[in-house]
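Notes follow the structure.
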Amino acid sequence: MNAPQRIAPGASQSLFAVEGMRCAACIARIEQGLPKVGGIESARVNLGARRVRVDHVPGLSDEAVVEAFASLGFAAHPFAGQALATPGRNAESRELMLALAVAGFAAMNIMLLSVSIWSGATGDTRQLFHWVSALIAIPAVAYSGRPFFRSALRALRNRRTNMDVPISIGVLLTVAMSLYETATGGPHAYFDGAVMLLFFLLGGRFLDSLMRARAEDSVAALLRRVPGEATVVIDGRHHRRPVEALMPGDRLFVAAGERIAADGEVALGSSEIDQSLVTGESLPIAVGPGSAVIAGTINIANPVEVTATAVGEATGIAAIARLMEAAGQSRSTMVGIADRAARLYAPAVHSLAALSFIGWWLSGAGVHQALLIAVAVLIITCPCALGLAVPIAQVVAAGSLMRGGILLRTGSALERMAGIDRALLDKTGTATLGRLEASNLPQGVGERSILAALARASRHPLARAVTSALSDVDSATLTDVAEEPGLGVRGFHKRREWRFGRPDWVGGTSLGSSTQAGFGTVGGRVRSIVFADTLRPDAAKAMAELRRESVEPLLVSGDRAEVVVAIAAAMRIPAAGEVTPDGKNALVAAEQAAGHRVLMVGDGLNDGPAMKSANVAMAPAAASDVGQMSADFIFFGDSLLAVPVALRASRRTMRVVKQNFALAIGYNALAVPLAIAGLITPLIAALAMSGSSIIVVANSLRLQWAAR
Amino acid sequence: MTEILLLLPIALGLGLAALAAFFWSARSGQFEDLDGAAERILIDDDEDVEGRG
């Protein structure tokens, strides 16, 4: 039961991030309930990662699986990037874990032998114990040291040096010296030190590999939004063509529900286009002959014919992809605190060890003794506590964030998040929930059931909003239900025609600027149903908390300025309206040029470039996959309080990381003079090494409550 | 001295056995979802049996 199931042959797999899974009952409900839905073969919950892997027949849409989750009472979101098979990364983590296990096993056994030597074993017993230690240590070092040796060799081959060079030299020299000591019957062998060094270093590396960003290509994910094939109309006949074969000027046939494969102009027919992927707006746009349409958007109402004006690399979506690619590069130039420390540390360690060798040799100590002291310096200055300082804090903080409903996608984001002093928030889907809520619905049972029947006949977003508001109402029996594209739905109930759709079509008048639909009988009384996107709860409180952390929030949106200002007023923050995706990116760049560090909270494709160029990015779990892939933090649930929570957790983490560095360096600084003076025995080396590492780990465990 | 010569291989052998067990469990994916494993023990597998009986 506990072993993961094997993948059924011929099935596709998708990953979903699922909210609200807490206990055994949830696992059982999902794993037993989902396969009952047609097309789904099996589901496997990963409770630790809050993810579910679904095996399904190829071609089953993400929406269908999400609806299956909803029918079981769980909110699920397609997991960005579908990064199911990241064999490279998993293999790396696993190799480090096995190396860690071997080093741990060897360190424990050698330590048992060493304790008896330290407590006074002499003569033949000491010799025997030294030889047994060597027998364990040499294969263990050969196996567990590989990650370091490989990386050091690679660096040396490129005539560079990195942290792994002094580590490799230190470990190999220590083992070689100890072997020589053992062979010549000397009193001190440092096998325990060498293996323990590897153990602690591997611990740091392993945690680090868990926290490293997945090298997912968000740009590739974006371009997946453009369909691979399109229907081209040639002499009135339809031909399926791969998109690579499209040319500007081709006449494309786009069925209802299909994604448009190229930028173009509508040539024939009229319909409505869901552009939420590009603009983030939940309402579809009506198009007719001559209207421009964008590749990757969905035609939701009627079949239309489109004349392609730009294809492939020339489409708007490809341009945004290039913009994101360029923006992503600026962020990767940031150097983390651990790298900066390593850059200073490696040369210092090299020269210190070399100087102590030369110093003792010149003062007449002999090559053997001078080398022993130099090795002791290398061991004592070992960066194992330093190597643990950052990843252990990140792992503990990420676990705490996870329990608080915030997924951390890359460990380094904590450091970038801690430094921000500006926060830009997108409106639709980020500051607001991105769902339309219907109000002023009829109260009478009869009218409600007729409205429910009409709304269920349509896939229009407004009809779906009504459907979800009336989900507990039974539909009335209607006859001759028909959807009039761009107008609404009509149907007959007891010989009277009822309509639900555009207010002027139903017979009412539209009031004000809000989004409305009319509902009523033809010639009778018409009710206006009002739709509004609701602000996330706690938005104003979250903004106040950001201010308390001295971060200035700003609302940016591509929507009309008055709508944006109204939402911003409710959140009590300033706003900028009618900002294009490029404009958002420019806004981020301008803030950065003014010396600010920027957090971008967004969800849509239109926020993608800005999220990529911002210092750190955050997205709700309901975001488009481009939004999720550009984000460093992804938060579940409806509350915007996740933003200040992530900020405070990041700042706490960085405080702990700095304390860790101080502790690790302070500990080594005390021991280094002893090493240079030649007073370090294997016992002191072992105590210094494990002592500093344990203190760093214990200090980091305080972060378990970081996300409060 | 002879006890030690006997005990050392036993201790090492036991340790190696534990290491081999760890290698096996890591390779077969036992560490993929630690929280889930703790909860899964509570799921009843017998529902089908009851339904049939």
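Each chain in the structure tokens gets a letter, A, B and so on, in the order shown; residues start at 1 in every chain, and ligands are counted from 1 in the order they appear.
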As JSON, numbers by chain, please: all residues of segment 473-547 of chain A that backbone DSSP puts in strand (DSSP E).
{"A": [479, 480, 481, 482, 483, 484, 488, 489, 490, 491, 492, 493, 496, 497, 498, 499, 500, 501, 515, 516, 517, 518, 519, 520, 521, 526, 527, 528, 529, 530, 531, 532, 533, 534, 535]}
Wanna dump the chain B-chain A contacts at 10 Å for me, each residue with its shortest atom pair and the distance in Å to one decimal, counting only C-alpha atoms, ordered by chain and number, as CSV?
```
residue,atom,partner,partner_atom,distance
B:Met1,CA,A:Thr125,CA,7.9
B:Ile4,CA,A:Thr125,CA,9.4
B:Leu5,CA,A:Leu128,CA,9.4
B:Leu8,CA,A:Val132,CA,8.6
B:Pro9,CA,A:Val132,CA,9.8
B:Ala11,CA,A:Asn109,CA,8.6
B:Leu12,CA,A:Asn109,CA,7.6
B:Gly15,CA,A:Phe105,CA,7.1
B:Leu16,CA,A:Phe105,CA,8.1
B:Ala18,CA,A:Phe105,CA,8.9
B:Leu19,CA,A:Phe105,CA,7.1
B:Ala20,CA,A:Val102,CA,9.7
B:Phe22,CA,A:Ala101,CA,7.8
B:Phe23,CA,A:Leu98,CA,6.7
B:Ser25,CA,A:Ala3,CA,9.6
B:Ala26,CA,A:Arg94,CA,7.6
B:Arg27,CA,A:Arg94,CA,8.2
B:Ser28,CA,A:Ala3,CA,7.3
B:Gly29,CA,A:Ala3,CA,6.7
B:Gln30,CA,A:Ala3,CA,6.2
B:Phe31,CA,A:Ala3,CA,9.4
B:Glu32,CA,A:Asn46,CA,7.7
B:Asp33,CA,A:Gly48,CA,5.4
B:Leu34,CA,A:Gly48,CA,6.5
B:Asp35,CA,A:Gly48,CA,5.1
B:Gly36,CA,A:Leu47,CA,4.7
B:Ala37,CA,A:Asn2,CA,6.2
B:Ala38,CA,A:Ala24,CA,8.5
B:Glu39,CA,A:Ala24,CA,4.7
B:Arg40,CA,A:Ala24,CA,5.5
B:Ile41,CA,A:Ala24,CA,7.9
B:Leu42,CA,A:Ala24,CA,6.1
B:Ile43,CA,A:Ala24,CA,6.0
B:Asp44,CA,A:Ala28,CA,8.7
B:Asp45,CA,A:Met1,CA,9.3
```
Where does DSSP see alpha helix (DSSP H) in chain B, if you list the residues as a VMD selection string?
chain B and resid 2 to 27 34 to 40 47 to 52
Could you take the residues named above and write them with C-alpha atoms, as a short mmCIF file (atom, residue, chain, number, x, y, z; two decimals), in the first residue's frame?
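Generated output (out09.cif):
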```cif
data_model
loop_
_atom_site.label_atom_id
_atom_site.label_comp_id
_atom_site.auth_asym_id
_atom_site.auth_seq_id
_atom_site.Cartn_x
_atom_site.Cartn_y
_atom_site.Cartn_z
CA THR B 2 39.82 -12.74 20.25
CA GLU B 3 36.42 -11.42 21.32
CA ILE B 4 37.19 -8.21 19.49
CA LEU B 5 38.16 -10.11 16.35
CA LEU B 6 34.77 -11.83 16.55
CA LEU B 7 32.69 -8.81 17.57
CA LEU B 8 34.09 -6.35 15.02
CA PRO B 9 32.92 -8.30 11.95
CA ILE B 10 29.51 -8.89 13.59
CA ALA B 11 29.08 -5.19 14.33
CA LEU B 12 30.21 -4.20 10.84
CA GLY B 13 27.98 -6.84 9.27
CA LEU B 14 24.92 -5.60 11.14
CA GLY B 15 25.74 -2.03 10.14
CA LEU B 16 26.16 -3.03 6.51
CA ALA B 17 22.84 -4.85 6.60
CA ALA B 18 21.14 -1.68 7.84
CA LEU B 19 22.89 0.30 5.09
CA ALA B 20 21.70 -2.18 2.48
CA ALA B 21 18.16 -1.90 3.83
CA PHE B 22 18.37 1.87 3.54
CA PHE B 23 19.63 1.65 -0.05
CA TRP B 24 16.74 -0.63 -0.92
CA SER B 25 14.13 1.61 0.69
CA ALA B 26 15.51 4.76 -0.95
CA ARG B 27 15.56 3.08 -4.37
CA LEU B 34 6.62 10.67 4.58
CA ASP B 35 3.50 12.51 5.80
CA GLY B 36 1.28 10.44 3.53
CA ALA B 37 2.67 7.15 4.79
CA ALA B 38 1.87 8.15 8.36
CA GLU B 39 -1.78 8.78 7.42
CA ARG B 40 -2.24 5.88 5.01
CA GLU B 47 -14.39 -1.84 2.58
CA ASP B 48 -14.78 -4.05 -0.48
CA VAL B 49 -14.82 -7.20 1.64
CA GLU B 50 -17.60 -5.83 3.84
CA GLY B 51 -19.56 -4.81 0.76
CA ARG B 52 -19.35 -8.32 -0.63
#
```
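Straight-line separation from atom CA of Gly290 of chain A to atom CA of Ser270 of chain A: 9.8 Å.
Once segment 226-231 of chain A and its same-chain neighbours fewer than 5 positions away are set aside, His238, His239, Arg240, Arg241, Pro242, Val243, Leu252, Phe253, Val254, Arg259, Ile260, Ala261, Ala262, Ala295 and Gly296 of chain A remain within 8 Å of it when counting only C-alpha atoms.
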Compile the contact shell of Leu454 of chain A as a VMD selection string: residues with an atom at most 10 Å away, counting only C-alpha atoms, same-chain residues fewer than 3 positions apart removed.
chain A and resid 448 to 451 457 to 458 463 466 to 467 475 to 478 481 to 483 488 to 492 498 to 501 519
Near-Asp559 of chain A list (9 Å; only C-alpha atoms; drop same-chain fewer than 2 positions) as JSON, numbers by chain
{"A": [279, 281, 427, 428, 556, 557, 561, 562, 563, 564, 577, 578, 579]}
Would you save the residues of that selection, restricted to C-alpha atoms, as an mmCIF file, in the first residue's frame?
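This is the output file part.cif:
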```
data_model
loop_
_atom_site.group_PDB
_atom_site.id
_atom_site.type_symbol
_atom_site.label_atom_id
_atom_site.label_comp_id
_atom_site.auth_asym_id
_atom_site.auth_seq_id
_atom_site.Cartn_x
_atom_site.Cartn_y
_atom_site.Cartn_z
ATOM 1 C CA THR A 279 -5.155 39.977 -20.390
ATOM 2 C CA GLU A 281 -9.736 39.601 -17.688
ATOM 3 C CA LYS A 427 -5.741 43.291 -9.916
ATOM 4 C CA THR A 428 -7.741 40.544 -11.618
ATOM 5 C CA VAL A 556 -1.212 47.708 -11.264
ATOM 6 C CA SER A 557 -3.646 46.460 -13.860
ATOM 7 C CA ALA A 561 -8.355 53.209 -14.579
ATOM 8 C CA GLU A 562 -11.606 53.920 -12.666
ATOM 9 C CA VAL A 563 -12.134 50.212 -11.907
ATOM 10 C CA VAL A 564 -8.549 49.861 -10.708
ATOM 11 C CA GLY A 577 -4.501 51.514 -14.358
ATOM 12 C CA GLU A 578 -4.372 50.686 -18.070
ATOM 13 C CA VAL A 579 -0.865 49.240 -17.841
#
```
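Picture a line from atom CA of Gly236 of chain A to atom CA of Glu305 of chain A; it runs 11.1 Å.
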To one decimal in Å, tell me the separation between atom CA of Leu355 of chain A and atom CA of Pro147 of chain A.
27.9 Å
